[in-house]
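**Student:** So here's start_11.cif (mmCIF, C-alpha atoms and all ligand atoms).
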```
data_query
#
loop_
_atom_site.label_atom_id
_atom_site.label_comp_id
_atom_site.auth_asym_id
_atom_site.auth_seq_id
_atom_site.Cartn_x
_atom_site.Cartn_y
_atom_site.Cartn_z
CA MET A 192 19.30 20.60 -50.17
CA THR A 193 19.59 18.85 -53.52
CA ILE A 194 16.58 17.51 -55.36
CA ARG A 195 17.64 13.94 -54.47
CA THR A 196 17.70 14.54 -50.69
CA GLU A 197 14.35 16.35 -50.91
CA LEU A 198 12.93 13.34 -52.73
CA LYS A 199 14.26 11.02 -50.01
CA TRP A 200 12.56 13.11 -47.31
CA LEU A 201 9.32 13.10 -49.27
CA ILE A 202 9.40 9.32 -49.60
CA ALA A 203 10.21 8.94 -45.86
CA LEU A 204 7.27 11.22 -45.03
CA ALA A 205 4.92 9.28 -47.31
CA VAL A 206 6.01 5.98 -45.72
CA ALA A 207 5.50 7.43 -42.22
CA ILE A 208 1.98 8.65 -43.10
CA LEU A 209 1.19 5.24 -44.62
CA LEU A 210 2.39 3.46 -41.47
CA VAL A 211 0.22 5.69 -39.24
CA LEU A 212 -2.80 5.06 -41.50
CA VAL A 213 -2.25 1.29 -41.57
CA GLY A 214 -1.63 1.25 -37.77
CA GLY A 215 -4.84 3.24 -37.24
CA LEU A 216 -6.80 0.85 -39.47
CA VAL A 217 -5.43 -2.22 -37.66
CA TRP A 218 -6.38 -0.63 -34.32
CA LEU A 219 -9.88 0.25 -35.57
CA ARG A 220 -10.42 -3.32 -36.85
CA SER A 221 -9.35 -4.67 -33.44
CA ALA A 222 -11.73 -2.21 -31.68
CA ARG A 223 -14.70 -4.37 -32.86
CA GLY A 224 -17.27 -1.59 -33.23
CA PHE A 225 -16.01 0.00 -29.99
CA SER A 226 -17.94 -2.61 -28.01
CA ALA A 227 -17.58 -2.23 -24.23
CA LEU A 228 -17.67 -6.01 -23.84
CA ALA A 229 -14.05 -6.42 -24.98
CA ARG A 230 -11.03 -6.37 -22.66
CA PRO A 231 -8.40 -3.68 -23.36
CA THR A 232 -5.19 -5.17 -24.75
CA ALA A 233 -2.08 -4.96 -22.54
CA MET A 234 -0.70 -2.26 -24.87
CA GLU A 235 -3.88 -0.15 -24.67
CA ALA A 236 -4.04 -0.50 -20.87
CA MET A 237 -0.39 0.56 -20.58
CA MET A 238 -0.87 3.58 -22.86
CA ALA A 239 -3.99 4.63 -20.87
CA ARG A 240 -2.06 4.31 -17.56
CA MET A 241 0.80 6.41 -18.95
CA ALA A 242 -1.56 9.06 -20.32
CA ARG A 243 -3.31 9.32 -16.94
CA ALA A 244 -0.03 9.56 -15.01
CA LEU A 245 1.21 12.29 -17.38
CA ALA A 246 -2.07 14.23 -17.18
CA LEU A 247 -1.98 14.45 -13.35
CA PRO A 248 -1.35 18.09 -12.35
CA SER A 249 1.95 18.64 -10.53
CA GLY A 250 1.73 18.56 -6.74
CA VAL A 251 -1.16 16.07 -6.66
CA ASN A 252 1.11 13.17 -5.65
CA GLN A 253 2.41 15.11 -2.62
CA ALA A 254 -1.00 15.34 -0.88
CA ARG A 255 -1.32 12.97 2.10
CA ASP A 256 -4.55 11.46 3.41
CA PRO A 257 -5.40 13.25 6.70
CA VAL A 258 -8.18 10.81 7.73
CA PRO A 259 -6.94 8.09 10.15
CA PRO A 260 -8.32 4.52 9.71
CA THR A 261 -10.35 4.54 12.96
CA PRO A 262 -13.30 2.08 13.14
CA MET A 263 -15.74 5.01 12.95
CA ASN A 264 -14.11 6.58 9.86
CA LEU A 265 -13.97 3.20 8.12
CA GLU A 266 -17.60 2.49 8.94
CA MET A 267 -18.78 5.85 7.57
CA ALA A 268 -16.70 5.48 4.42
CA SER A 269 -17.93 1.89 3.93
CA GLU A 270 -21.56 3.07 4.01
CA HIS A 271 -20.73 5.81 1.52
CA PHE A 272 -18.85 3.36 -0.73
CA ALA A 273 -21.67 0.79 -0.56
CA ALA A 274 -24.24 3.42 -1.56
CA HIS A 275 -22.35 5.20 -4.37
CA CYS A 276 -19.40 3.15 -5.56
CA ALA A 277 -20.08 -0.56 -5.05
CA ILE A 278 -22.49 -0.79 -8.00
CA CYS A 279 -19.37 -0.69 -10.21
CA HIS A 280 -16.52 -1.48 -7.77
CA ASN A 281 -18.20 -4.13 -5.52
CA ASN A 282 -18.20 -3.91 -1.70
CA ASN A 283 -14.76 -5.55 -1.59
CA GLY A 284 -13.38 -3.28 -4.35
CA ASP A 285 -12.55 -6.07 -6.82
CA GLY A 286 -14.75 -4.56 -9.57
CA GLN A 287 -16.56 -7.86 -10.25
CA THR A 288 -20.13 -6.53 -10.59
CA ASP A 289 -22.65 -6.83 -13.44
CA LEU A 290 -22.15 -3.19 -14.33
CA GLY A 291 -18.38 -3.16 -13.80
CA ARG A 292 -17.73 -6.19 -16.00
CA ASP A 293 -19.55 -4.60 -18.93
CA LEU A 294 -17.81 -1.21 -18.82
CA TYR A 295 -14.80 -0.27 -20.98
CA PRO A 296 -12.37 0.40 -19.42
CA LYS A 297 -13.45 -1.94 -16.56
CA PRO A 298 -13.17 -0.72 -12.95
CA PRO A 299 -9.75 -1.82 -11.68
CA ASN A 300 -9.30 -4.12 -8.69
CA LEU A 301 -8.94 -1.42 -6.03
CA ARG A 302 -7.33 -3.96 -3.68
CA GLY A 303 -4.62 -4.76 -6.24
CA SER A 304 -1.12 -3.36 -6.44
CA ASN A 305 -1.79 -0.99 -9.38
CA THR A 306 -4.22 1.04 -7.27
CA GLN A 307 -2.50 0.50 -3.90
CA HIS A 308 0.81 1.81 -5.32
CA LYS A 309 -0.81 5.08 -6.39
CA SER A 310 -0.34 8.08 -4.10
CA ASP A 311 -3.10 9.22 -1.70
CA GLY A 312 -3.36 12.42 -3.74
CA ALA A 313 -3.78 10.54 -7.04
CA LEU A 314 -6.66 8.48 -5.60
CA PHE A 315 -8.28 11.61 -4.15
CA TYR A 316 -7.93 13.32 -7.56
CA SER A 317 -9.58 10.39 -9.42
CA ILE A 318 -12.55 10.37 -7.03
CA ARG A 319 -13.04 14.15 -6.92
CA ASN A 320 -12.66 14.69 -10.68
CA GLY A 321 -13.69 11.34 -12.17
CA ILE A 322 -11.80 9.80 -15.08
CA ARG A 323 -12.51 11.11 -18.54
CA MET A 324 -13.55 8.61 -21.24
CA SER A 325 -14.43 5.98 -18.65
CA GLY A 326 -17.42 5.10 -16.46
CA MET A 327 -15.77 6.68 -13.40
CA PRO A 328 -17.90 9.74 -12.48
CA ALA A 329 -16.67 12.89 -10.72
CA TRP A 330 -17.93 13.62 -7.20
CA PRO A 331 -17.86 17.44 -7.08
CA ASP A 332 -20.33 17.84 -4.19
CA ASP A 333 -18.71 15.60 -1.58
CA SER A 334 -16.58 17.34 1.06
CA ASP A 335 -12.78 16.88 1.03
CA GLN A 336 -13.16 15.00 4.33
CA GLU A 337 -15.63 12.51 2.78
CA ILE A 338 -13.35 11.86 -0.21
CA TRP A 339 -10.26 11.41 1.99
CA ALA A 340 -12.27 8.93 4.06
CA LEU A 341 -12.95 6.96 0.84
CA VAL A 342 -9.19 6.93 0.16
CA THR A 343 -8.69 5.63 3.74
CA LEU A 344 -11.22 2.87 3.01
CA ILE A 345 -9.52 1.95 -0.30
CA ARG A 346 -6.23 1.55 1.62
CA HIS A 347 -8.07 -0.70 4.10
CA LEU A 348 -9.76 -2.90 1.42
CA PRO A 349 -6.95 -5.53 1.26
CA GLN A 350 -7.52 -6.19 5.01
CA GLN A 351 -11.33 -5.84 4.92
CA THR A 352 -13.10 -8.54 6.97
CA ALA A 353 -16.18 -10.57 5.98
CA ALA A 354 -18.11 -8.87 8.81
CA GLU A 355 -17.21 -5.41 7.46
CA ARG A 356 -18.40 -6.46 3.98
CA ALA A 357 -21.66 -7.87 5.36
CA ALA A 358 -22.34 -4.58 7.19
CA MET A 359 -22.20 -2.75 3.83
CA LYS A 360 -25.02 -4.76 2.21
CA PRO A 361 -27.96 -2.76 3.57
CA TYR A 362 -26.46 0.39 1.99
CA ASN A 363 -26.17 -1.07 -1.53
CA PRO A 364 -28.71 0.31 -4.05
CA LYS A 365 -31.67 -2.01 -4.44
CA THR A 366 -32.22 -1.55 -8.18
CA ILE A 367 -30.45 -4.06 -10.39
CA PHE A 368 -30.18 -2.20 -13.65
CA LYS A 369 -29.12 -5.20 -15.68
CA GLU A 370 -32.10 -7.51 -15.14
CA PRO A 371 -34.25 -7.65 -18.32
CA ILE A 372 -37.62 -5.98 -17.65
CA MET A 373 -39.65 -8.54 -19.66
C1 LIG B 401 -20.56 3.84 -12.92
C2 LIG B 401 -19.41 3.10 -12.45
C3 LIG B 401 -18.54 3.67 -11.37
C4 LIG B 401 -18.94 4.26 -10.18
C5 LIG B 401 -20.36 4.49 -9.66
C6 LIG B 401 -17.73 4.59 -9.48
N1 LIG B 401 -16.64 4.22 -10.21
FE1 LIG B 401 -14.65 4.40 -9.68
N2 LIG B 401 -14.09 3.74 -11.49
C7 LIG B 401 -14.92 3.24 -12.47
C8 LIG B 401 -14.13 2.84 -13.62
C9 LIG B 401 -14.66 2.26 -14.91
C10 LIG B 401 -12.77 3.13 -13.31
C11 LIG B 401 -11.55 2.88 -14.17
C12 LIG B 401 -11.29 4.05 -15.09
C13 LIG B 401 -10.03 3.86 -15.92
O1 LIG B 401 -9.41 2.81 -15.88
O2 LIG B 401 -9.66 4.80 -16.62
C14 LIG B 401 -12.79 3.68 -11.95
C15 LIG B 401 -11.65 4.09 -11.27
C16 LIG B 401 -11.64 4.48 -9.95
C17 LIG B 401 -10.45 4.82 -9.21
C18 LIG B 401 -9.03 4.87 -9.76
C19 LIG B 401 -8.28 3.63 -9.38
C20 LIG B 401 -6.88 3.62 -9.91
O3 LIG B 401 -6.22 2.58 -9.79
O4 LIG B 401 -6.42 4.62 -10.46
C21 LIG B 401 -10.82 5.11 -7.93
C22 LIG B 401 -9.94 5.50 -6.77
C23 LIG B 401 -12.27 4.96 -7.88
N3 LIG B 401 -12.74 4.59 -9.13
C24 LIG B 401 -13.03 5.16 -6.74
C25 LIG B 401 -14.42 5.29 -6.77
C26 LIG B 401 -15.21 5.72 -5.64
C27 LIG B 401 -14.67 6.03 -4.26
C28 LIG B 401 -16.50 5.78 -6.07
C29 LIG B 401 -17.73 6.23 -5.31
C30 LIG B 401 -17.69 7.52 -4.68
C31 LIG B 401 -16.52 5.32 -7.46
N4 LIG B 401 -15.24 5.03 -7.84
C32 LIG B 401 -17.69 5.19 -8.23
C33 LIG B 401 -16.29 3.14 -12.40
C34 LIG B 401 -17.08 3.66 -11.37
#
```
Translate this structure into structure tokens?
Ligand code: HEC
**Tutor:**
Amino acid sequence: MTIRTELKWLIALAVAILLVLVGGLVWLRSARGFSALARPTAMEAMMARMARALALPSGVNQARDPVPPTPMNLEMASEHFAAHCAICHNNNGDGQTDLGRDLYPKPPNLRGSNTQHKSDGALFYSIRNGIRMSGMPAWPDDSDQEIWALVTLIRHLPQQTAAERAAMKPYNPKTIFKEPIM
């Protein structure tokens, strides 16, 4: 390599480093103190979705939900969901709760196509292991059967009836964390 080509590479490298630094700074400025009140931009949401899809261990997408959507299974899963999940996800799964709205990332609409197009195994994996750098906790102590039943319920949410939603209410936690105390 001649001195001139080496110089060209050095300049290209310096420009690349500068671009990364400027890009990082622009992103940090747009992060607004990392407030959870903001909405992720479309670009950030897409990158997060891609990162999660890539991080899924191989074989996870092949697992099929063994729990059939019988009325009894749906009822049990609805009680479980109302008690442990609805505080963020809402009884109907749309994520429109006080706590859910003020998280970053926000809970997705579980009834919507993004979630419904995910495999049974991917949903099971998210519930069992939680989702890092988000409000979604892991549930290591629930049995496989209980978690599959939650997946069965999530598949049922788009057809959930008003009566099914009303039956969940008594199982919702009573404490409203977001009311000011004074
Ligand atoms: C403290 C709030 C909170 C609780 C409680 C919670 N979640 Fe979540 N959940 C989230 C958030 C936030 C996300 C989105 C994470 C992300 O986008 O990276 C999420 C994501 C998910 C996803 C992934 C959806 C998808 O499209 O990939 C599933 C499935 C899920 N939750 C099910 C549950 C179930 C079932 C429970 C109860 C056992 C539960 N969650 C309890 C906050 C919560």
**Student:** Name the closest residue to A:Asp256 among the candidates A:Thr343, A:Thr352, A:Ser334, A:Asn363; distances are taken between atoms, counting all atoms listed in the file.
**Tutor:**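 Going through A:Thr343, A:Thr352, A:Ser334, A:Asn363 one by one, the smallest distance to A:Asp256 is for A:Thr343.
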**Student:** Show me which residues sit within 8 Å of ligand LIG 401 (chain B) when counting only C-alpha atoms and all ligand atoms, and put them as an mmCIF file with C-alpha atoms, keeping the file's coordinate frame.
**Tutor:**
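Written output follows (selection.cif):
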```
data_model
loop_
_atom_site.group_PDB
_atom_site.id
_atom_site.type_symbol
_atom_site.label_atom_id
_atom_site.label_comp_id
_atom_site.auth_asym_id
_atom_site.auth_seq_id
_atom_site.Cartn_x
_atom_site.Cartn_y
_atom_site.Cartn_z
ATOM 1 C CA ALA A 239 -3.990 4.630 -20.870
ATOM 2 C CA ARG A 240 -2.060 4.310 -17.560
ATOM 3 C CA ARG A 243 -3.310 9.320 -16.940
ATOM 4 C CA HIS A 271 -20.730 5.810 1.520
ATOM 5 C CA PHE A 272 -18.850 3.360 -0.730
ATOM 6 C CA HIS A 275 -22.350 5.200 -4.370
ATOM 7 C CA CYS A 276 -19.400 3.150 -5.560
ATOM 8 C CA ALA A 277 -20.080 -0.560 -5.050
ATOM 9 C CA ILE A 278 -22.490 -0.790 -8.000
ATOM 10 C CA CYS A 279 -19.370 -0.690 -10.210
ATOM 11 C CA HIS A 280 -16.520 -1.480 -7.770
ATOM 12 C CA LEU A 290 -22.150 -3.190 -14.330
ATOM 13 C CA GLY A 291 -18.380 -3.160 -13.800
ATOM 14 C CA LEU A 294 -17.810 -1.210 -18.820
ATOM 15 C CA TYR A 295 -14.800 -0.270 -20.980
ATOM 16 C CA PRO A 296 -12.370 0.400 -19.420
ATOM 17 C CA LYS A 297 -13.450 -1.940 -16.560
ATOM 18 C CA PRO A 298 -13.170 -0.720 -12.950
ATOM 19 C CA PRO A 299 -9.750 -1.820 -11.680
ATOM 20 C CA ASN A 300 -9.300 -4.120 -8.690
ATOM 21 C CA LEU A 301 -8.940 -1.420 -6.030
ATOM 22 C CA ASN A 305 -1.790 -0.990 -9.380
ATOM 23 C CA THR A 306 -4.220 1.040 -7.270
ATOM 24 C CA GLN A 307 -2.500 0.500 -3.900
ATOM 25 C CA LYS A 309 -0.810 5.080 -6.390
ATOM 26 C CA ALA A 313 -3.780 10.540 -7.040
ATOM 27 C CA LEU A 314 -6.660 8.480 -5.600
ATOM 28 C CA PHE A 315 -8.280 11.610 -4.150
ATOM 29 C CA SER A 317 -9.580 10.390 -9.420
ATOM 30 C CA ILE A 318 -12.550 10.370 -7.030
ATOM 31 C CA GLY A 321 -13.690 11.340 -12.170
ATOM 32 C CA ILE A 322 -11.800 9.800 -15.080
ATOM 33 C CA ARG A 323 -12.510 11.110 -18.540
ATOM 34 C CA MET A 324 -13.550 8.610 -21.240
ATOM 35 C CA SER A 325 -14.430 5.980 -18.650
ATOM 36 C CA GLY A 326 -17.420 5.100 -16.460
ATOM 37 C CA MET A 327 -15.770 6.680 -13.400
ATOM 38 C CA PRO A 328 -17.900 9.740 -12.480
ATOM 39 C CA TRP A 330 -17.930 13.620 -7.200
ATOM 40 C CA ILE A 338 -13.350 11.860 -0.210
ATOM 41 C CA LEU A 341 -12.950 6.960 0.840
ATOM 42 C CA VAL A 342 -9.190 6.930 0.160
ATOM 43 C CA ILE A 345 -9.520 1.950 -0.300
#
```
**Student:** Using all atoms listed in the file, pick whichever of A:Gly312, A:Pro349, A:Ala354, A:Tyr362 has the shortest atom-to-atom distance to A:Asn252.
**Tutor:**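 Closest residue, counting all atoms listed in the file: A:Gly312.
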**Student:** Nearest residue to A:Gln336 out of A:Pro257, A:Met241, A:Val251, A:Thr193, using all atoms listed in the file?
**Tutor:**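 Smallest distance to A:Gln336 is found for A:Pro257.
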**Student:** If you measure from atom CA of A:Leu265 to atom CA of A:Ser304, what distance in Å do you get, rounded to one decimal?
**Tutor:**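 Atom CA of A:Ser304 lies at a distance of 20.5 Å from atom CA of A:Leu265.
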**Student:** Fewer than 6 positions away in the same chain doesn't count, so skip those; otherwise give me all residues within 12 Å of A:Thr261, counting all atoms listed in the file, as a list in words.
**Tutor:**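 Result of the neighbour search: Met267, Ala268, Ala340, Thr343, Leu344 and His347 of chain A.
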**Student:** List as a VMD selection string the protein and nucleic acid residues near stretch 222-225 of chain A, meaning an atom at most 12 Å away when all atoms listed in the file are counted, but skip any in the same chain fewer than 5 places from it.
**Tutor:** chain A and resid 215 to 217 230 to 232 235 294 to 296
**Student:** Rounded to one decimal, what separation in Å do you get between atom CA of A:Asp289 and atom CA of A:Ala329?
**Tutor:**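 The value is 20.8 Å.
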**Student:** Go through A:Leu348, A:Val211, A:Ala229, A:Ala236 and flag the residue nearest A:Asp285, using all atoms listed in the file for the distances.
**Tutor:** A:Leu348
**Student:** As an exercise, work out the distance from atom CA of A:Ala358 to atom CA of A:Asp333 in Å and give it to one decimal place.
**Tutor:** 22.3 Å
**Student:** Let me make sure I understand: among A:Asn281, A:Ser269, A:Ser310, A:Ser221, which one has the smallest atom-to-atom distance to A:Arg255 if we use only C-alpha atoms?
**Tutor:**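 That would be A:Ser310, the residue with the smallest distance to A:Arg255.
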**Student:** Pick out the closest residue to A:Gln350 from this set: A:Arg220, A:Arg319, A:His308, A:Arg302. Count only C-alpha atoms.
**Tutor:**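 Closest candidate: A:Arg302.
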**Student:** Taking the structure I provided as the source, export stretch 248-259 of chain A with all heavy atoms, as a PDB file, in the first residue's frame.
**Tutor:**
```pdb
ATOM      1  N   PRO A 248     -33.537 -18.000  20.732  1.00  0.00           N
ATOM      2  CA  PRO A 248     -32.768 -19.228  20.480  1.00  0.00           C
ATOM      3  C   PRO A 248     -33.426 -20.089  19.396  1.00  0.00           C
ATOM      4  O   PRO A 248     -34.657 -20.062  19.255  1.00  0.00           O
ATOM      5  CB  PRO A 248     -32.806 -19.951  21.828  1.00  0.00           C
ATOM      6  CG  PRO A 248     -33.157 -18.916  22.821  1.00  0.00           C
ATOM      7  CD  PRO A 248     -33.971 -17.880  22.117  1.00  0.00           C
ATOM      8  N   SER A 249     -32.605 -20.833  18.650  1.00  0.00           N
ATOM      9  CA  SER A 249     -33.177 -21.623  17.550  1.00  0.00           C
ATOM     10  C   SER A 249     -34.074 -22.715  18.123  1.00  0.00           C
ATOM     11  O   SER A 249     -33.836 -23.227  19.220  1.00  0.00           O
ATOM     12  CB  SER A 249     -32.066 -22.232  16.701  1.00  0.00           C
ATOM     13  OG  SER A 249     -31.291 -23.055  17.518  1.00  0.00           O
ATOM     14  N   GLY A 250     -35.126 -23.052  17.420  1.00  0.00           N
ATOM     15  CA  GLY A 250     -36.034 -24.102  17.886  1.00  0.00           C
ATOM     16  C   GLY A 250     -37.246 -23.543  18.607  1.00  0.00           C
ATOM     17  O   GLY A 250     -38.285 -24.189  18.665  1.00  0.00           O
ATOM     18  N   VAL A 251     -37.118 -22.322  19.161  1.00  0.00           N
ATOM     19  CA  VAL A 251     -38.229 -21.752  19.944  1.00  0.00           C
ATOM     20  C   VAL A 251     -39.488 -21.636  19.090  1.00  0.00           C
ATOM     21  O   VAL A 251     -40.597 -21.954  19.534  1.00  0.00           O
ATOM     22  CB  VAL A 251     -37.814 -20.368  20.510  1.00  0.00           C
ATOM     23  CG1 VAL A 251     -39.023 -19.571  20.954  1.00  0.00           C
ATOM     24  CG2 VAL A 251     -36.858 -20.540  21.675  1.00  0.00           C
ATOM     25  N   ASN A 252     -39.327 -21.194  17.839  1.00  0.00           N
ATOM     26  CA  ASN A 252     -40.501 -20.966  16.979  1.00  0.00           C
ATOM     27  C   ASN A 252     -41.225 -22.257  16.599  1.00  0.00           C
ATOM     28  O   ASN A 252     -42.349 -22.213  16.121  1.00  0.00           O
ATOM     29  CB  ASN A 252     -40.089 -20.219  15.711  1.00  0.00           C
ATOM     30  CG  ASN A 252     -39.900 -18.744  15.990  1.00  0.00           C
ATOM     31  OD1 ASN A 252     -40.648 -18.157  16.754  1.00  0.00           O
ATOM     32  ND2 ASN A 252     -38.872 -18.152  15.399  1.00  0.00           N
ATOM     33  N   GLN A 253     -40.582 -23.409  16.787  1.00  0.00           N
ATOM     34  CA  GLN A 253     -41.216 -24.679  16.395  1.00  0.00           C
ATOM     35  C   GLN A 253     -42.203 -25.183  17.455  1.00  0.00           C
ATOM     36  O   GLN A 253     -43.071 -25.995  17.150  1.00  0.00           O
ATOM     37  CB  GLN A 253     -40.160 -25.776  16.165  1.00  0.00           C
ATOM     38  CG  GLN A 253     -39.588 -25.787  14.744  1.00  0.00           C
ATOM     39  CD  GLN A 253     -38.643 -24.622  14.522  1.00  0.00           C
ATOM     40  OE1 GLN A 253     -37.673 -24.483  15.241  1.00  0.00           O
ATOM     41  NE2 GLN A 253     -38.928 -23.774  13.544  1.00  0.00           N
ATOM     42  N   ALA A 254     -42.054 -24.704  18.718  1.00  0.00           N
ATOM     43  CA  ALA A 254     -42.906 -25.226  19.801  1.00  0.00           C
ATOM     44  C   ALA A 254     -44.362 -24.835  19.562  1.00  0.00           C
ATOM     45  O   ALA A 254     -44.659 -23.705  19.215  1.00  0.00           O
ATOM     46  CB  ALA A 254     -42.421 -24.674  21.137  1.00  0.00           C
ATOM     47  N   ARG A 255     -45.262 -25.806  19.741  1.00  0.00           N
ATOM     48  CA  ARG A 255     -46.703 -25.546  19.534  1.00  0.00           C
ATOM     49  C   ARG A 255     -47.428 -25.574  20.871  1.00  0.00           C
ATOM     50  O   ARG A 255     -47.122 -26.392  21.733  1.00  0.00           O
ATOM     51  CB  ARG A 255     -47.307 -26.622  18.619  1.00  0.00           C
ATOM     52  CG  ARG A 255     -46.881 -26.551  17.187  1.00  0.00           C
ATOM     53  CD  ARG A 255     -47.649 -25.456  16.398  1.00  0.00           C
ATOM     54  NE  ARG A 255     -46.931 -25.118  15.173  1.00  0.00           N
ATOM     55  CZ  ARG A 255     -46.000 -24.154  15.074  1.00  0.00           C
ATOM     56  NH1 ARG A 255     -45.672 -23.429  16.113  1.00  0.00           N
ATOM     57  NH2 ARG A 255     -45.388 -23.907  13.929  1.00  0.00           N
ATOM     58  N   ASP A 256     -48.428 -24.725  21.014  1.00  0.00           N
ATOM     59  CA  ASP A 256     -49.209 -24.630  22.249  1.00  0.00           C
ATOM     60  C   ASP A 256     -50.053 -25.901  22.428  1.00  0.00           C
ATOM     61  O   ASP A 256     -50.939 -26.180  21.617  1.00  0.00           O
ATOM     62  CB  ASP A 256     -50.129 -23.396  22.138  1.00  0.00           C
ATOM     63  CG  ASP A 256     -50.939 -23.150  23.405  1.00  0.00           C
ATOM     64  OD1 ASP A 256     -50.877 -23.986  24.321  1.00  0.00           O
ATOM     65  OD2 ASP A 256     -51.620 -22.113  23.459  1.00  0.00           O
ATOM     66  N   PRO A 257     -49.806 -26.675  23.510  1.00  0.00           N
ATOM     67  CA  PRO A 257     -50.573 -27.923  23.701  1.00  0.00           C
ATOM     68  C   PRO A 257     -51.905 -27.711  24.431  1.00  0.00           C
ATOM     69  O   PRO A 257     -52.647 -28.677  24.607  1.00  0.00           O
ATOM     70  CB  PRO A 257     -49.628 -28.764  24.566  1.00  0.00           C
ATOM     71  CG  PRO A 257     -48.860 -27.762  25.366  1.00  0.00           C
ATOM     72  CD  PRO A 257     -48.767 -26.501  24.543  1.00  0.00           C
ATOM     73  N   VAL A 258     -52.197 -26.486  24.891  1.00  0.00           N
ATOM     74  CA  VAL A 258     -53.412 -26.279  25.697  1.00  0.00           C
ATOM     75  C   VAL A 258     -54.574 -25.857  24.792  1.00  0.00           C
ATOM     76  O   VAL A 258     -54.540 -24.792  24.186  1.00  0.00           O
ATOM     77  CB  VAL A 258     -53.167 -25.211  26.791  1.00  0.00           C
ATOM     78  CG1 VAL A 258     -54.445 -24.867  27.526  1.00  0.00           C
ATOM     79  CG2 VAL A 258     -52.107 -25.687  27.769  1.00  0.00           C
ATOM     80  N   PRO A 259     -55.633 -26.683  24.691  1.00  0.00           N
ATOM     81  CA  PRO A 259     -56.764 -26.334  23.819  1.00  0.00           C
ATOM     82  C   PRO A 259     -57.615 -25.214  24.434  1.00  0.00           C
ATOM     83  O   PRO A 259     -57.697 -25.109  25.666  1.00  0.00           O
ATOM     84  CB  PRO A 259     -57.567 -27.638  23.735  1.00  0.00           C
ATOM     85  CG  PRO A 259     -57.183 -28.401  24.953  1.00  0.00           C
ATOM     86  CD  PRO A 259     -55.807 -27.975  25.361  1.00  0.00           C
TER      87      PRO A 259
END
```
